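Novice: One structure is given below, represented as structure tokens, and several questions about it will come after.
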Amino acid sequence: MFLDTFSKWTLCRGCLRPMSGTAEAGLCGSCWDGLWPLPEKRCPQCALTHDEERPCPDIVAWEHGDALWNYRGGRPALGSLLVHGIKAGETGWRRALLKRAASTELPVWAGEVDLVTSAPPSPMSKWRRGFDLAEEAARLISDKLNRPYIRTLNRVWLSSRQAKLTESQRRKMSPKNIRTRRDVNVYEKVILLVDDVWTTGTTLLRCAQSLRKSGATEIKVLTLFRVL
Ligand SMILES: [Zn+2]
Ligand SMILES: [Zn+2]
């Protein structure tokens with residue numbers, strides 16, 4: 001009984017080994033070291049490594065795209081551990097992660113923008129979690145760059161017919177429902193678009209398309225994590 005209680009407080013919640021190094025929020029120092037930067041010589045648009053001679057195989061609608069960390073960095077992979085935990089309400093992990101984002105160097109081009117914005121969450125997920133990791137990251141980056149944060153994008157509410165779809169069906173269709181808000185002006189603006197995790201880039205692409213359609217001159221993309 002005593003041992004159970006004791007081990008619960010001394011084992012790392014990531015690797016389940018005894019706590020060591022500069023532990024924070026229940027994760028040991030070596031787990032936190034799993035915030036790996038992306039590989040050098042990555043493509044400046046898709047942030048993946050591919051043959052430089054050939055055009056970017058990924059669908060990208062921007063000249064500059066990058067992420068702070070490799071989603072699968074560390075053992076266990078810290079990005080997926082953190083993001084899933086944070087989405088389930090792990091406020092300690094969220095705070096510790098944002099603190100690290102605040103002290104990470106950003107690409108030079110990220111500062112050459114008029115405003116910072118974020119990919120919109122689905123209405124359901126924000127309601128369930130009460131916060132939006134992409135927006136929190138974007139606000140932090142906007143402070144760091146000394147550029148305004150503006151919420152420019154919305155997801156269109158589902159019709160009652162769409163609301164009956166299952167979550168996975170909805171997730172497949174939701175990117176198409178991203179729209180630029182009518183009450184913001186993005187005309188002739190250079191915009192830094194921020195999201196938490198960049199996987200296929202479909203959501204980012206829909207966001208960029210909508211902003212461009214509303215007159216934005218250029219979109220740059222920066223995310224916390226990139227799935228390689
Ligand atoms: Zn650990
Ligand atoms: Zn590329």
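Chain labels follow the order of the structure tokens: the first chain is A, the next B, and so on; residue numbering restarts at 1 in every chain, and ligands are counted from 1 in their shown order.
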Can you pull out every residue with an atom within 6 Å of ligand 1? Use only C-alpha atoms and all ligand atoms and format it as a list of chain:residue names.
Specialist: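 Result of the 6 Å neighbour search around ligand 1: A:Cys12, A:Gly14, A:Cys15, A:Leu27, A:Cys28, A:Ser30, A:Cys31.
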Novice: Using only C-alpha atoms, what table do you get, as a tab-separated table, when you list each residue of range 39-129 of chain A with an atom no more than 9 Å from range 136-145 of chain A, its nearest pair of atoms, and their distance in Å rounded to one decimal, rows by chain then rising number?
Specialist:
residue	atom	partner	partner_atom	distance
A:Leu98	CA	A:Ala137	CA	6.8
A:Ala101	CA	A:Ala137	CA	7.8
A:Ala102	CA	A:Leu140	CA	6.7
A:Leu106	CA	A:Ile141	CA	8.5
A:Ala110	CA	A:Leu145	CA	7.8
A:Gly111	CA	A:Leu145	CA	5.5
A:Glu112	CA	A:Leu145	CA	8.9
A:Leu115	CA	A:Ser142	CA	7.6
A:Val116	CA	A:Ser142	CA	5.8
A:Thr117	CA	A:Ala138	CA	6.2
A:Ser118	CA	A:Ala138	CA	5.9
Novice: Can I get the selected residues back with N, CA, C and O atoms, as a compact mmCIF listing (two decimals), in the first residue's frame?
Specialist:
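Listing of again.txt after writing:
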# COMPACT_ATOMS: atom_id res chain seq x y z
N LEU A 98 4.33 25.53 -22.99
CA LEU A 98 4.29 26.91 -23.48
C LEU A 98 5.49 27.71 -22.96
O LEU A 98 6.03 28.57 -23.66
N ALA A 101 8.21 26.88 -25.24
CA ALA A 101 8.01 27.55 -26.54
C ALA A 101 8.46 29.01 -26.44
O ALA A 101 9.07 29.56 -27.37
N ALA A 102 8.19 29.63 -25.30
CA ALA A 102 8.55 31.04 -25.11
C ALA A 102 10.05 31.25 -25.15
O ALA A 102 10.52 32.32 -25.54
N LEU A 106 12.86 31.63 -32.61
CA LEU A 106 11.95 31.52 -33.76
C LEU A 106 12.71 31.84 -35.04
O LEU A 106 13.70 32.57 -35.00
N ALA A 110 9.74 34.79 -39.30
CA ALA A 110 8.49 34.84 -38.53
C ALA A 110 8.19 36.25 -38.04
O ALA A 110 7.03 36.63 -37.86
N GLY A 111 9.26 37.04 -37.84
CA GLY A 111 9.06 38.41 -37.35
C GLY A 111 8.64 39.38 -38.44
O GLY A 111 8.14 40.47 -38.15
N GLU A 112 8.81 38.97 -39.69
CA GLU A 112 8.51 39.87 -40.81
C GLU A 112 7.06 39.71 -41.26
O GLU A 112 6.79 39.30 -42.39
N LEU A 115 0.71 40.50 -38.75
CA LEU A 115 -0.07 39.99 -37.63
C LEU A 115 0.10 38.49 -37.49
O LEU A 115 0.56 37.81 -38.41
N VAL A 116 -0.28 38.00 -36.31
CA VAL A 116 -0.21 36.57 -36.01
C VAL A 116 -1.64 36.07 -35.81
O VAL A 116 -2.45 36.75 -35.18
N THR A 117 -1.94 34.89 -36.37
CA THR A 117 -3.26 34.31 -36.17
C THR A 117 -3.12 32.81 -35.95
O THR A 117 -2.01 32.28 -35.99
N SER A 118 -4.23 32.13 -35.64
CA SER A 118 -4.14 30.69 -35.39
C SER A 118 -5.23 29.94 -36.14
O SER A 118 -6.28 30.50 -36.46
Novice: Could you tell me how far CA of Trp69 in chain A sits from CA of Thr180 in chain A, in Å to one decimal place?
Specialist: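 So the two atoms, CA of Thr180 in chain A and CA of Trp69 in chain A, lie 27.9 Å apart.
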Novice: Given only C-alpha atoms as the basis, pick out the residue of A:Trp93, A:Trp36, A:Phe225, A:Tyr187 nearest to Tyr71 in chain A.
Specialist: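 Comparing A:Trp93, A:Trp36, A:Phe225, A:Tyr187 against Tyr71 in chain A, the winner is A:Phe225.
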Novice: Set out as CSV a contact list for chain A and ligand 2 with a cut-off of 8 Å, giving each residue of chain A that qualifies its closest atom pair and distance in Å to one decimal, counting only C-alpha atoms and all ligand atoms, ordered by chain and rising residue number.
Specialist:
residue,atom,partner,partner_atom_place_in_ligand_line,distance
A:Arg42,CA,ligand 2,1 (Zn),7.6
A:Cys43,CA,ligand 2,1 (Zn),4.5
A:Pro44,CA,ligand 2,1 (Zn),6.6
A:Gln45,CA,ligand 2,1 (Zn),5.2
A:Cys46,CA,ligand 2,1 (Zn),4.1
A:Ala47,CA,ligand 2,1 (Zn),6.2
A:Leu48,CA,ligand 2,1 (Zn),5.8
A:Thr49,CA,ligand 2,1 (Zn),7.1
A:His50,CA,ligand 2,1 (Zn),6.6
A:Pro55,CA,ligand 2,1 (Zn),7.0
A:Cys56,CA,ligand 2,1 (Zn),3.7
A:Pro57,CA,ligand 2,1 (Zn),6.0
A:Asp58,CA,ligand 2,1 (Zn),5.9
A:Val60,CA,ligand 2,1 (Zn),7.8
Novice: Check the smallest atom-to-atom distance from each of A:Gly34, A:Gly201, A:Arg72, A:His64 to Val221 in chain A using only C-alpha atoms, then report the winner.
Specialist: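 Ranked by minimum distance to Val221 in chain A, first place goes to A:His64.
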Novice: Please identify the strand (DSSP E or B) residues within range 184-225 of chain A (assignment by DSSP from backbone atoms) and present them as a ChimeraX atom specification.
Specialist: /A:190-198,218-225
Novice: List the neighbours of Asn154 in chain A out to 9 Å using only C-alpha atoms; skip same-chain residues closer than 5 positions along the sequence, and give me the result as a PDB file with N, CA, C and O atoms, in the first residue's frame.
Specialist:
ATOM      1  N   ALA A 119      -4.945  28.673 -36.416  1.00  0.00           N
ATOM      2  CA  ALA A 119      -5.953  27.805 -37.025  1.00  0.00           C
ATOM      3  C   ALA A 119      -7.088  27.634 -36.023  1.00  0.00           C
ATOM      4  O   ALA A 119      -6.837  27.439 -34.842  1.00  0.00           O
ATOM      5  N   PRO A 120      -8.335  27.746 -36.464  1.00  0.00           N
ATOM      6  CA  PRO A 120      -9.447  27.697 -35.510  1.00  0.00           C
ATOM      7  C   PRO A 120      -9.716  26.274 -35.013  1.00  0.00           C
ATOM      8  O   PRO A 120      -9.592  25.320 -35.775  1.00  0.00           O
ATOM      9  N   PRO A 121     -10.089  26.127 -33.735  1.00  0.00           N
ATOM     10  CA  PRO A 121     -10.430  24.800 -33.221  1.00  0.00           C
ATOM     11  C   PRO A 121     -11.840  24.450 -33.680  1.00  0.00           C
ATOM     12  O   PRO A 121     -12.590  25.334 -34.089  1.00  0.00           O
ATOM     13  N   SER A 122     -12.183  23.183 -33.616  1.00  0.00           N
ATOM     14  CA  SER A 122     -13.573  22.846 -33.894  1.00  0.00           C
ATOM     15  C   SER A 122     -14.378  23.332 -32.690  1.00  0.00           C
ATOM     16  O   SER A 122     -13.885  23.294 -31.562  1.00  0.00           O
ATOM     17  N   ASN A 177     -14.666  23.807 -43.922  1.00  0.00           N
ATOM     18  CA  ASN A 177     -15.569  24.796 -43.346  1.00  0.00           C
ATOM     19  C   ASN A 177     -14.856  25.963 -42.689  1.00  0.00           C
ATOM     20  O   ASN A 177     -15.431  26.642 -41.860  1.00  0.00           O
ATOM     21  N   ILE A 178     -13.603  26.184 -43.037  1.00  0.00           N
ATOM     22  CA  ILE A 178     -12.884  27.306 -42.441  1.00  0.00           C
ATOM     23  C   ILE A 178     -13.112  28.578 -43.267  1.00  0.00           C
ATOM     24  O   ILE A 178     -12.979  28.559 -44.484  1.00  0.00           O
ATOM     25  N   ARG A 179     -13.477  29.634 -42.575  1.00  0.00           N
ATOM     26  CA  ARG A 179     -13.759  30.914 -43.243  1.00  0.00           C
ATOM     27  C   ARG A 179     -13.061  32.054 -42.520  1.00  0.00           C
ATOM     28  O   ARG A 179     -12.924  32.026 -41.312  1.00  0.00           O
ATOM     29  N   THR A 180     -12.681  33.077 -43.300  1.00  0.00           N
ATOM     30  CA  THR A 180     -12.152  34.292 -42.678  1.00  0.00           C
ATOM     31  C   THR A 180     -13.318  35.059 -42.051  1.00  0.00           C
ATOM     32  O   THR A 180     -14.381  35.174 -42.656  1.00  0.00           O
ATOM     33  N   ARG A 181     -13.114  35.547 -40.846  1.00  0.00           N
ATOM     34  CA  ARG A 181     -14.176  36.301 -40.166  1.00  0.00           C
ATOM     35  C   ARG A 181     -14.483  37.579 -40.924  1.00  0.00           C
ATOM     36  O   ARG A 181     -13.591  38.234 -41.450  1.00  0.00           O
TER      37      ARG A 181
END
Novice: Apply DSSP to the backbone of this structure and, from range 70-143 of chain A, keep only the residues in alpha helix (DSSP H); write these as a ChimeraX atom specification.
Specialist: /A:78-87,91-102,123-129,133-143
Novice: Store the residues picked out above, limited to C-alpha atoms, as a compact mmCIF listing (two decimals), in the first residue's frame.
Specialist:
# COMPACT_ATOMS: atom_id res chain seq x y z
CA LEU A 78 7.13 13.47 -26.22
CA GLY A 79 5.06 15.45 -28.75
CA SER A 80 2.25 12.95 -28.96
CA LEU A 81 2.36 12.29 -25.21
CA LEU A 82 2.07 16.00 -24.40
CA VAL A 83 -0.51 16.96 -27.01
CA HIS A 84 -2.84 14.10 -26.09
CA GLY A 85 -2.41 14.86 -22.39
CA ILE A 86 -2.96 18.59 -22.87
CA LYS A 87 -6.09 17.95 -24.91
CA THR A 91 -2.75 22.01 -17.43
CA GLY A 92 0.67 21.37 -15.88
CA TRP A 93 2.01 19.97 -19.16
CA ARG A 94 0.40 22.80 -21.08
CA ARG A 95 2.08 25.43 -18.93
CA ALA A 96 5.47 23.69 -19.06
CA LEU A 97 5.26 23.29 -22.85
CA LEU A 98 4.29 26.91 -23.48
CA LYS A 99 7.11 28.05 -21.20
CA ARG A 100 9.55 26.11 -23.39
CA ALA A 101 8.01 27.55 -26.54
CA ALA A 102 8.55 31.04 -25.11
CA PRO A 123 -16.39 24.38 -31.80
CA MET A 124 -16.90 21.09 -29.95
CA SER A 125 -13.27 20.63 -28.95
CA LYS A 126 -12.95 24.16 -27.60
CA TRP A 127 -16.18 23.79 -25.65
CA ARG A 128 -15.00 20.50 -24.19
CA ARG A 129 -11.52 21.65 -23.23
CA LEU A 133 -3.62 25.23 -27.65
CA ALA A 134 -3.09 26.72 -31.13
CA GLU A 135 -4.39 30.10 -29.99
CA GLU A 136 -2.33 30.05 -26.81
CA ALA A 137 0.80 29.26 -28.82
CA ALA A 138 -0.05 32.01 -31.33
CA ARG A 139 -0.57 34.60 -28.58
CA LEU A 140 2.75 33.68 -27.02
CA ILE A 141 4.54 33.92 -30.38
CA SER A 142 2.85 37.28 -31.11
CA ASP A 143 4.16 38.65 -27.78
Novice: Which residue out of A:Arg206, A:Arg155, A:Arg182, A:Lys213 has the minimum interatomic distance to Ile59 in chain A when only C-alpha atoms are used?
Specialist: A:Arg206
Novice: Would you mind telling me which residue in A:Ala88, A:Ala67, A:Leu16, A:Ala77 lies nearest to Asp33 in chain A when using only C-alpha atoms?
Specialist: A:Ala77
Novice: To one decimal place, how far is CA of Trp62 in chain A from CA of Phe131 in chain A in Å?
Specialist: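 Those two atoms sit 27.5 Å apart.
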